[in-house]
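**Q** PDB, C-alpha atoms, saved as input.pdb, coming up:
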ATOM      1  CA  MET G  16     -43.498 -13.442  -6.988
ATOM      2  CA  MET G  17     -41.481 -16.630  -7.427
ATOM      3  CA  ARG G  18     -38.192 -14.767  -7.184
ATOM      4  CA  LYS G  19     -39.404 -12.949  -4.072
ATOM      5  CA  SER G  20     -40.309 -16.224  -2.329
ATOM      6  CA  VAL G  21     -36.956 -17.766  -3.226
ATOM      7  CA  GLY G  22     -35.301 -14.615  -1.868
ATOM      8  CA  LEU G  23     -37.146 -14.961   1.445
ATOM      9  CA  LEU G  24     -36.269 -18.666   1.632
ATOM     10  CA  SER G  25     -32.645 -17.729   0.990
ATOM     11  CA  GLN G  26     -32.832 -15.194   3.856
ATOM     12  CA  TYR G  27     -34.137 -17.936   6.129
ATOM     13  CA  LEU G  28     -31.537 -20.520   5.074
ATOM     14  CA  ILE G  29     -28.619 -18.100   5.448
ATOM     15  CA  GLY G  30     -30.009 -17.262   8.907
ATOM     16  CA  VAL G  31     -29.988 -20.980   9.742
ATOM     17  CA  LEU G  32     -26.422 -21.358   8.424
ATOM     18  CA  PHE G  33     -25.225 -18.387  10.480
ATOM     19  CA  GLY G  34     -26.962 -19.838  13.539
ATOM     20  CA  LEU G  35     -25.303 -23.217  12.946
ATOM     21  CA  GLY G  36     -21.941 -21.460  12.711
ATOM     22  CA  LEU G  37     -22.550 -19.825  16.091
ATOM     23  CA  LEU G  38     -23.645 -23.128  17.643
ATOM     24  CA  VAL G  39     -20.771 -25.212  16.211
ATOM     25  CA  SER G  40     -18.137 -22.619  17.128
ATOM     26  CA  GLY G  41     -19.401 -22.433  20.721
ATOM     27  CA  MET G  42     -20.147 -18.716  20.385
ATOM     28  CA  SER G  43     -23.810 -19.183  21.328
ATOM     29  CA  ASN G  44     -22.560 -19.989  24.843
ATOM     30  CA  PRO G  45     -22.106 -16.740  26.794
ATOM     31  CA  GLU G  46     -19.742 -18.379  29.301
ATOM     32  CA  LYS G  47     -17.366 -19.172  26.408
ATOM     33  CA  ILE G  48     -17.488 -15.546  25.256
ATOM     34  CA  LEU G  49     -16.771 -14.367  28.811
ATOM     35  CA  ALA G  50     -13.879 -16.855  29.052
ATOM     36  CA  PHE G  51     -12.436 -15.200  25.925
ATOM     37  CA  LEU G  52     -12.912 -11.709  27.336
ATOM     38  CA  ASP G  53     -11.340 -12.695  30.668
ATOM     39  CA  LEU G  54      -7.688 -11.972  29.905
ATOM     40  CA  GLY G  55      -6.886 -11.968  33.623
ATOM     41  CA  GLY G  56      -8.322 -15.431  34.306
ATOM     42  CA  ALA G  57      -8.279 -18.833  32.617
ATOM     43  CA  TRP G  58      -8.282 -17.534  29.048
ATOM     44  CA  ASP G  59     -10.093 -19.336  26.215
ATOM     45  CA  PRO G  60      -8.746 -17.986  22.899
ATOM     46  CA  SER G  61     -11.339 -19.865  20.777
ATOM     47  CA  LEU G  62     -13.035 -16.659  19.572
ATOM     48  CA  ILE G  63      -9.861 -15.686  17.687
ATOM     49  CA  PHE G  64     -10.178 -18.877  15.632
ATOM     50  CA  VAL G  65     -13.876 -18.176  14.974
ATOM     51  CA  MET G  66     -13.082 -14.669  13.720
ATOM     52  CA  GLY G  67     -10.075 -15.978  11.807
ATOM     53  CA  GLY G  68     -12.107 -18.624   9.969
ATOM     54  CA  ALA G  69     -14.921 -16.195   9.204
ATOM     55  CA  VAL G  70     -12.662 -13.374   8.011
ATOM     56  CA  LEU G  71     -10.603 -15.770   5.870
ATOM     57  CA  VAL G  72     -13.736 -16.653   3.889
ATOM     58  CA  GLY G  73     -15.037 -13.078   4.099
ATOM     59  CA  LEU G  74     -11.894 -11.502   2.587
ATOM     60  CA  ILE G  75     -12.351 -13.514  -0.612
ATOM     61  CA  ALA G  76     -16.132 -13.074  -0.641
ATOM     62  CA  PHE G  77     -16.070  -9.282  -0.294
ATOM     63  CA  TYR G  78     -13.180  -8.921  -2.753
ATOM     64  CA  LEU G  79     -15.342 -10.704  -5.326
ATOM     65  CA  ALA G  80     -18.536  -8.910  -4.262
ATOM     66  CA  LYS G  81     -17.043  -5.501  -5.018
ATOM     67  CA  LYS G  82     -16.857  -6.545  -8.683
ATOM     68  CA  ARG G  83     -20.605  -7.165  -8.841
ATOM     69  CA  THR G  84     -23.034  -4.622 -10.254
ATOM     70  CA  GLN G  85     -26.039  -6.166  -8.511
ATOM     71  CA  SER G  86     -26.810  -9.089  -6.222
ATOM     72  CA  PHE G  87     -27.768 -12.570  -7.448
ATOM     73  CA  PHE G  88     -31.416 -11.751  -6.709
ATOM     74  CA  GLY G  89     -31.144  -8.433  -8.552
ATOM     75  CA  ASP G  90     -30.945  -6.107  -5.535
ATOM     76  CA  ALA G  91     -28.639  -3.113  -5.448
ATOM     77  CA  LEU G  92     -25.316  -3.831  -3.761
ATOM     78  CA  GLN G  93     -25.305  -2.034  -0.397
ATOM     79  CA  ILE G  94     -21.685  -2.022   0.675
ATOM     80  CA  PRO G  95     -20.963   0.851   3.105
ATOM     81  CA  THR G  96     -18.706   3.540   1.694
ATOM     82  CA  ARG G  97     -18.038   5.734   4.739
ATOM     83  CA  ARG G  98     -14.452   5.829   5.957
ATOM     84  CA  ASP G  99     -14.608   8.613   8.571
ATOM     85  CA  ILE G 100     -14.238   7.741  12.239
ATOM     86  CA  ASP G 101     -16.841   9.671  14.249
ATOM     87  CA  LYS G 102     -17.680   9.828  17.959
ATOM     88  CA  ARG G 103     -20.905   7.991  17.361
ATOM     89  CA  LEU G 104     -19.097   4.921  16.012
ATOM     90  CA  VAL G 105     -16.734   4.772  18.980
ATOM     91  CA  ILE G 106     -19.290   5.598  21.711
ATOM     92  CA  GLY G 107     -21.802   3.092  20.302
ATOM     93  CA  SER G 108     -19.164   0.364  20.036
ATOM     94  CA  VAL G 109     -17.870   0.995  23.570
ATOM     95  CA  LEU G 110     -21.426   0.793  24.999
ATOM     96  CA  PHE G 111     -21.977  -2.387  23.006
ATOM     97  CA  GLY G 112     -18.710  -3.855  24.323
ATOM     98  CA  LEU G 113     -19.716  -2.947  27.863
ATOM     99  CA  GLY G 114     -22.994  -4.860  27.541
ATOM    100  CA  TRP G 115     -21.194  -7.731  25.778
ATOM    101  CA  GLY G 116     -18.752  -8.010  28.683
ATOM    102  CA  ILE G 117     -21.515  -7.889  31.309
ATOM    103  CA  ALA G 118     -23.513 -10.899  30.061
ATOM    104  CA  GLY G 119     -21.408 -12.475  27.276
ATOM    105  CA  PHE G 120     -24.213 -12.065  24.741
ATOM    106  CA  CYS G 121     -24.196 -10.197  21.457
ATOM    107  CA  PRO G 122     -27.257 -10.049  19.150
ATOM    108  CA  GLY G 123     -26.724 -13.206  17.041
ATOM    109  CA  PRO G 124     -25.898 -15.642  19.852
ATOM    110  CA  ALA G 125     -28.717 -14.223  21.992
ATOM    111  CA  LEU G 126     -31.270 -14.959  19.250
ATOM    112  CA  VAL G 127     -29.863 -18.482  18.809
ATOM    113  CA  ALA G 128     -30.020 -19.097  22.578
ATOM    114  CA  LEU G 129     -33.606 -17.814  22.523
ATOM    115  CA  GLY G 130     -34.319 -20.368  19.778
ATOM    116  CA  SER G 131     -32.910 -23.050  22.089
ATOM    117  CA  GLY G 132     -35.638 -22.108  24.546
ATOM    118  CA  HIS G 133     -33.659 -20.284  27.221
ATOM    119  CA  THR G 134     -35.925 -17.889  29.159
ATOM    120  CA  LYS G 135     -32.894 -15.808  30.161
ATOM    121  CA  ALA G 136     -32.081 -15.281  26.475
ATOM    122  CA  LEU G 137     -35.636 -13.979  25.981
ATOM    123  CA  ILE G 138     -35.078 -11.397  28.731
ATOM    124  CA  PHE G 139     -31.849 -10.283  27.090
ATOM    125  CA  VAL G 140     -33.381 -10.120  23.590
ATOM    126  CA  LEU G 141     -36.377  -8.069  24.808
ATOM    127  CA  ALA G 142     -34.039  -5.595  26.539
ATOM    128  CA  MET G 143     -31.888  -5.490  23.392
ATOM    129  CA  LEU G 144     -34.921  -4.659  21.231
ATOM    130  CA  VAL G 145     -35.885  -1.885  23.660
ATOM    131  CA  GLY G 146     -32.321  -0.540  23.439
ATOM    132  CA  MET G 147     -32.438  -0.528  19.636
ATOM    133  CA  ALA G 148     -35.884   1.069  19.532
ATOM    134  CA  ALA G 149     -34.791   3.745  22.024
ATOM    135  CA  CYS G 150     -31.776   4.569  19.871
ATOM    136  CA  GLU G 151     -33.897   4.702  16.715
ATOM    137  CA  TRP G 152     -36.463   6.990  18.336
ATOM    138  CA  PHE G 153     -34.154   9.352  20.183
ATOM    139  CA  PHE G 154     -31.323   9.520  17.652
ATOM    140  CA  SER G 155     -33.156   8.482  14.457
ATOM    141  CA  GLY G 156     -31.001   5.384  14.160
ATOM    142  CA  ASN G 157     -27.855   5.068  12.126
ATOM    143  CA  LYS G 158     -26.643   8.016  10.165
ATOM    144  CA  ARG G 159     -27.402   6.474   6.834
ATOM    145  CA  THR G 160     -25.068   7.105   3.950
ATOM    146  CA  PRO G 161     -26.686   8.177   0.651
ATOM    147  CA  ALA G 162     -25.684   4.806  -0.821
ATOM    148  CA  LEU G 163     -27.887   3.130   1.769
ATOM    149  CA  LYS G 164     -30.835   5.428   0.986
TER
ATOM    150  CA  MET R 902      -2.356 -14.549  31.062
ATOM    151  CA  GLN R 903      -3.037 -18.257  31.318
ATOM    152  CA  ILE R 904      -4.592 -20.221  28.481
ATOM    153  CA  ASP R 905      -7.301 -22.628  29.594
ATOM    154  CA  TRP R 906      -6.353 -25.586  27.391
ATOM    155  CA  THR R 907      -9.333 -27.665  28.490
ATOM    156  CA  ALA R 908     -11.825 -25.008  27.366
ATOM    157  CA  PHE R 909      -9.917 -24.062  24.197
ATOM    158  CA  THR R 910     -11.594 -25.607  21.132
ATOM    159  CA  PRO R 911      -9.652 -24.437  18.053
ATOM    160  CA  GLY R 912     -11.100 -27.059  15.675
ATOM    161  CA  PRO R 913     -14.832 -26.425  16.148
ATOM    162  CA  ALA R 914     -14.096 -22.693  16.489
ATOM    163  CA  LEU R 915     -12.355 -22.572  13.114
ATOM    164  CA  PHE R 916     -14.998 -24.751  11.442
ATOM    165  CA  GLY R 917     -17.871 -22.727  12.921
ATOM    166  CA  GLY R 918     -16.085 -19.538  11.921
ATOM    167  CA  ILE R 919     -15.828 -20.763   8.335
ATOM    168  CA  LEU R 920     -19.599 -21.416   8.374
ATOM    169  CA  LEU R 921     -20.145 -17.822   9.573
ATOM    170  CA  GLY R 922     -17.903 -16.606   6.758
ATOM    171  CA  ILE R 923     -19.809 -18.653   4.165
ATOM    172  CA  ALA R 924     -23.109 -17.242   5.461
ATOM    173  CA  ALA R 925     -21.755 -13.678   5.160
ATOM    174  CA  ALA R 926     -20.426 -14.509   1.668
ATOM    175  CA  LEU R 927     -23.785 -15.861   0.492
ATOM    176  CA  TYR R 928     -25.556 -12.848   1.974
ATOM    177  CA  ILE R 929     -23.530 -10.203   0.141
ATOM    178  CA  HIS R 930     -23.606 -12.118  -3.166
ATOM    179  CA  PHE R 931     -27.265 -13.179  -3.033
ATOM    180  CA  HIS R 932     -28.829 -10.199  -1.278
ATOM    181  CA  GLY R 933     -26.249  -7.459  -1.753
ATOM    182  CA  ARG R 934     -26.139  -6.718   1.953
ATOM    183  CA  ILE R 935     -23.791  -6.879   4.907
ATOM    184  CA  LEU R 936     -24.686  -9.773   7.197
ATOM    185  CA  GLY R 937     -24.939  -7.813  10.431
ATOM    186  CA  ILE R 938     -27.414  -9.065  13.005
ATOM    187  CA  SER R 939     -27.944  -5.699  14.701
ATOM    188  CA  GLY R 940     -28.454  -4.078  11.290
ATOM    189  CA  ILE R 941     -30.952  -6.695  10.153
ATOM    190  CA  VAL R 942     -32.900  -6.626  13.441
ATOM    191  CA  GLY R 943     -32.507  -2.884  14.033
ATOM    192  CA  GLY R 944     -33.946  -2.130  10.600
ATOM    193  CA  LEU R 945     -37.281  -3.446  11.849
ATOM    194  CA  PHE R 946     -37.636  -0.268  13.920
ATOM    195  CA  ARG R 947     -37.774   1.855  10.776
ATOM    196  CA  PHE R 948     -41.198   0.318  10.150
ATOM    197  CA  GLN R 949     -40.907  -0.102   6.423
ATOM    198  CA  GLN R 950     -43.307  -2.853   5.468
ATOM    199  CA  SER R 951     -41.412  -3.546   2.266
ATOM    200  CA  ASP R 952     -38.362  -4.868   4.058
ATOM    201  CA  ALA R 953     -39.842  -6.222   7.286
ATOM    202  CA  PHE R 954     -40.547  -9.645   5.722
ATOM    203  CA  TRP R 955     -37.038 -10.541   4.728
ATOM    204  CA  ARG R 956     -35.662  -9.295   8.062
ATOM    205  CA  ILE R 957     -38.109 -11.549   9.901
ATOM    206  CA  CYS R 958     -37.260 -14.505   7.648
ATOM    207  CA  PHE R 959     -33.572 -14.115   8.500
ATOM    208  CA  VAL R 960     -34.290 -13.860  12.249
ATOM    209  CA  LEU R 961     -36.496 -16.966  12.030
ATOM    210  CA  GLY R 962     -33.478 -18.740  10.549
ATOM    211  CA  LEU R 963     -31.375 -17.817  13.598
ATOM    212  CA  LEU R 964     -34.165 -18.816  15.992
ATOM    213  CA  THR R 965     -34.666 -22.235  14.379
ATOM    214  CA  ALA R 966     -30.955 -22.991  13.946
ATOM    215  CA  PRO R 967     -30.843 -24.952  17.252
ATOM    216  CA  PHE R 968     -33.727 -27.117  15.998
ATOM    217  CA  TRP R 969     -31.910 -27.926  12.734
ATOM    218  CA  ALA R 970     -28.624 -28.519  14.605
ATOM    219  CA  SER R 971     -30.388 -31.103  16.725
ATOM    220  CA  PHE R 972     -32.627 -32.574  13.984
ATOM    221  CA  LEU R 973     -29.997 -32.883  11.243
ATOM    222  CA  PHE R 974     -26.754 -33.354  13.151
ATOM    223  CA  GLY R 975     -27.777 -34.411  16.662
ATOM    224  CA  LEU R 976     -25.936 -31.389  18.069
ATOM    225  CA  HIS R 977     -26.955 -29.876  21.398
ATOM    226  CA  PRO R 978     -24.231 -27.339  22.192
ATOM    227  CA  ILE R 979     -23.941 -26.073  25.753
ATOM    228  CA  GLN R 980     -25.449 -22.642  26.371
ATOM    229  CA  ASP R 981     -24.560 -21.695  29.908
ATOM    230  CA  ILE R 982     -26.209 -18.405  30.917
ATOM    231  CA  GLN R 983     -24.926 -17.471  34.378
ATOM    232  CA  ALA R 984     -26.105 -13.859  34.435
ATOM    233  CA  GLU R 985     -29.145 -12.956  36.527
ATOM    234  CA  TRP R 986     -32.248 -11.222  35.185
ATOM    235  CA  GLY R 987     -31.277  -7.690  36.188
ATOM    236  CA  THR R 988     -27.808  -8.140  34.688
ATOM    237  CA  LEU R 989     -29.315  -9.481  31.472
ATOM    238  CA  ILE R 990     -31.666  -6.507  31.177
ATOM    239  CA  LEU R 991     -28.836  -4.002  31.689
ATOM    240  CA  ALA R 992     -26.586  -5.878  29.256
ATOM    241  CA  GLY R 993     -29.377  -6.211  26.680
ATOM    242  CA  LEU R 994     -30.157  -2.486  26.791
ATOM    243  CA  LEU R 995     -26.479  -1.590  26.344
ATOM    244  CA  VAL R 996     -25.949  -4.114  23.547
ATOM    245  CA  GLY R 997     -29.083  -3.040  21.661
ATOM    246  CA  PHE R 998     -28.502   0.689  22.067
ATOM    247  CA  GLY R 999     -24.748   0.525  21.478
ATOM    248  CA  ALA R1000     -24.896  -1.687  18.385
ATOM    249  CA  HIS R1001     -27.618   0.445  16.809
ATOM    250  CA  TYR R1002     -25.864   3.711  17.690
ATOM    251  CA  GLY R1003     -22.488   2.449  16.485
ATOM    252  CA  SER R1004     -23.966   0.939  13.294
ATOM    253  CA  GLY R1005     -22.958  -2.644  13.959
ATOM    254  CA  CYS R1006     -21.985  -5.505  16.239
ATOM    255  CA  THR R1007     -19.691  -8.544  16.180
ATOM    256  CA  SER R1008     -21.097  -9.734  12.832
ATOM    257  CA  GLY R1009     -21.454  -6.497  10.837
ATOM    258  CA  HIS R1010     -18.323  -4.726  12.086
ATOM    259  CA  GLY R1011     -16.417  -7.782  13.355
ATOM    260  CA  ILE R1012     -16.793 -10.380  10.627
ATOM    261  CA  CYS R1013     -17.953  -8.399   7.564
ATOM    262  CA  GLY R1014     -16.191  -5.123   8.317
ATOM    263  CA  LEU R1015     -12.790  -6.724   8.932
ATOM    264  CA  SER R1016     -13.285  -8.819   5.790
ATOM    265  CA  ARG R1017     -13.922  -5.605   3.825
ATOM    266  CA  LEU R1018     -10.815  -4.051   5.433
ATOM    267  CA  SER R1019     -13.034  -1.150   6.536
ATOM    268  CA  PRO R1020     -11.224   1.349   8.793
ATOM    269  CA  ARG R1021     -14.516   2.212  10.554
ATOM    270  CA  SER R1022     -15.176  -1.436  11.388
ATOM    271  CA  LEU R1023     -11.598  -1.929  12.570
ATOM    272  CA  VAL R1024     -12.049   0.965  15.018
ATOM    273  CA  ALA R1025     -15.486  -0.347  16.074
ATOM    274  CA  THR R1026     -14.145  -3.885  16.636
ATOM    275  CA  ALA R1027     -11.156  -2.608  18.614
ATOM    276  CA  SER R1028     -13.541  -0.442  20.677
ATOM    277  CA  PHE R1029     -16.015  -3.176  21.619
ATOM    278  CA  MET R1030     -13.289  -5.776  22.184
ATOM    279  CA  GLY R1031     -11.390  -3.326  24.378
ATOM    280  CA  ALA R1032     -14.534  -2.396  26.298
ATOM    281  CA  GLY R1033     -15.402  -6.107  26.659
ATOM    282  CA  PHE R1034     -11.935  -6.988  28.022
ATOM    283  CA  LEU R1035     -12.013  -4.115  30.511
ATOM    284  CA  THR R1036     -15.576  -4.876  31.638
ATOM    285  CA  VAL R1037     -14.845  -8.536  32.351
ATOM    286  CA  PHE R1038     -11.581  -7.643  34.069
ATOM    287  CA  PHE R1039     -13.377  -5.127  36.262
ATOM    288  CA  ILE R1040     -16.261  -7.497  37.139
ATOM    289  CA  ARG R1041     -14.158 -10.612  37.757
ATOM    290  CA  HIS R1042     -10.933  -9.224  39.203
ATOM    291  CA  VAL R1043     -11.728  -5.825  40.721
ATOM    292  CA  LEU R1044     -15.305  -6.069  42.007
ATOM    293  CA  SER R1045     -15.117  -9.652  43.292
TER
END
Show how you would write the structure in this file as structure tokens.

**A**
Amino acid sequence: MMRKSVGLLSQYLIGVLFGLGLLVSGMSNPEKILAFLDLGGAWDPSLIFVMGGAVLVGLIAFYLAKKRTQSFFGDALQIPTRRDIDKRLVIGSVLFGLGWGIAGFCPGPALVALGSGHTKALIFVLAMLVGMAACEWFFSGNKRTPALK
Amino acid sequence: MQIDWTAFTPGPALFGGILLGIAAALYIHFHGRILGISGIVGGLFRFQQSDAFWRICFVLGLLTAPFWASFLFGLHPIQDIQAEWGTLILAGLLVGFGAHYGSGCTSGHGICGLSRLSPRSLVATASFMGAGFLTVFFIRHVLS
């Protein structure tokens, strides 16, 4: 019971930290995302530095994580093992990129902007949830690997 | 290509990026999972009560991050949403469907996948970045 509550608190706090990262880096601002994606206009390369900083930390973190047998809270380690490139991966990512380029929002920043009280972010998030639900219902979601149950 | 030096913010971008990396690091070590927003949110549609709680706790963290940014650090970052309602609905549907169908978004494939040196995530990231570049080019320089 105690460990479960601490686990949920940890979920919350990591969510806050991720949200702070998006806010500090400017990535919760869709106009900044669009300025990055606009190679033909006045280009803002900031997103490269965001990804660079995150991946720098991530490379070390995941290298070390692969040596673990279980997580700190005792859960099984669920690191994806698939390496095949299928149509689904590419089609899904292209559709995602299309939507990302249209409004400058991806899921994390949209939720943070919703938390800032922007009505327009609520509209986006509701549509996003409908999109996810539609995919889950019509295509039974992600093709889950056995490692992910 | 012309770099907009006034909009370019390498310092905060790098610092914020490091925070994102630390969050992803804590997530895999503490919870054994990939920190991917579309994966965490999308999992709610599998209606498994056992894991709905922690997913909601994480999302609440994202939603309250602006409050903590303001309360603890006095930060009120600009969030300029130019898109109209119809555009937002179309974009939201595509982002939600696409990320769920393609098993990830900018966090799961972008940050975590590249950090894991996953070939699938590299292809996914190249695909959504490429699609994003082309979409913005088309909207801003072909349509208008």

**Q** Return as a VMD selection string the set of residues that the PyMOL selection byres ((chain R and resi 945-948) around 9) yields on the displayed structure.

**A** (chain G and resid 144 147 to 148 151 to 152 155 to 156) or (chain R and resid 940 to 944 949 to 953 956 to 957)

**Q** Restricting the output to C-alpha atoms, write the selected residues as a compact mmCIF listing (two decimals), in the coordinates of the input.

**A**
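See out12.txt below for the written result:
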# COMPACT_ATOMS: atom_id res chain seq x y z
CA LEU G 144 -34.92 -4.66 21.23
CA MET G 147 -32.44 -0.53 19.64
CA ALA G 148 -35.88 1.07 19.53
CA GLU G 151 -33.90 4.70 16.72
CA TRP G 152 -36.46 6.99 18.34
CA SER G 155 -33.16 8.48 14.46
CA GLY G 156 -31.00 5.38 14.16
CA GLY R 940 -28.45 -4.08 11.29
CA ILE R 941 -30.95 -6.70 10.15
CA VAL R 942 -32.90 -6.63 13.44
CA GLY R 943 -32.51 -2.88 14.03
CA GLY R 944 -33.95 -2.13 10.60
CA GLN R 949 -40.91 -0.10 6.42
CA GLN R 950 -43.31 -2.85 5.47
CA SER R 951 -41.41 -3.55 2.27
CA ASP R 952 -38.36 -4.87 4.06
CA ALA R 953 -39.84 -6.22 7.29
CA ARG R 956 -35.66 -9.30 8.06
CA ILE R 957 -38.11 -11.55 9.90

**Q** How would you write, as a list in words, the residues chosen by the PyMOL selection byres ((chain G and resi 133) around 12) on this structure?

**A**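 Output of the PyMOL selection byres ((chain G and resi 133) around 12): Ser43, Asn44, Pro124, Ala125, Leu126, Val127, Ala128, Leu129, Gly130, Ser131, Gly132, Thr134, Lys135, Ala136, Leu137, Ile138, Phe139 and Val140 of chain G; Leu964, Pro967, Ile979, Gln980, Asp981, Ile982 and Gln983 of chain R.
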
**Q** For Met902 of chain R, list every protein, DNA or RNA residue within 10 Å, evaluated using only C-alpha atoms, and leave out those in the same chain fewer than 5 positions away; present the list as a PyMOL selection string.

**A** chain G and resi 53-58

**Q** Could you tell me which residues the PyMOL selection byres ((chain G and resi 23) around 8) grabs in this file, written as a list in words?

**A** Lys19, Ser20, Val21, Gly22, Leu24, Ser25, Gln26 and Tyr27 of chain G; Phe954, Trp955, Cys958 and Phe959 of chain R

**Q** May I ask for the distance between atom CA of Met42 of chain G and atom CA of Gly119 of chain G, given in Å to one decimal place?

**A** 9.4 Å

**Q** I want to know what sits within 12 Å of Ser1019 of chain R, based on all atoms listed in the file, with residues of the same chain fewer than 6 positions away left out; could you give that as a VMD selection string?

**A** (chain G and resid 74 77 94 to 100) or (chain R and resid 1009 to 1013 1025 to 1026)

**Q** Have a look at G:Phe88, G:Phe153, G:Phe64, G:Phe111 and name the one nearest to Thr1036 of chain R; count all atoms listed in the file.

**A**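 The closest residue to Thr1036 of chain R is G:Phe111.
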
**Q** Give the answer as one residue: which of R:Ala1027, R:Leu915, R:Leu963, R:Val996 has the shortest atom-to-atom distance to Ser939 of chain R, using all atoms listed in the file?

**A**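 Residue with the minimum atom-to-atom distance to Ser939 of chain R: R:Val996.
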
**Q** Near His932 of chain R, within 10 Å and counting all atoms listed in the file, which residues show up once chain neighbours fewer than 3 positions away are dropped, as a PyMOL selection string?

**A** (chain G and resi 22-23+25-26+85-93) or (chain R and resi 926-929+935-936)

**Q** For a quick check of understanding, using all atoms listed in the file, which of R:Ser971, R:Thr1007, R:Gly999, R:Ser1022 has the smallest distance to chain G?

**A**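 Smallest distance to chain G is found for R:Gly999.
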
**Q** Quick check, in Å to one decimal: how far apart do atom CA of Gly922 of chain R and atom CA of Leu71 of chain G lie?

**A**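 Going from atom CA of Gly922 of chain R over to atom CA of Leu71 of chain G, I get 7.4 Å.
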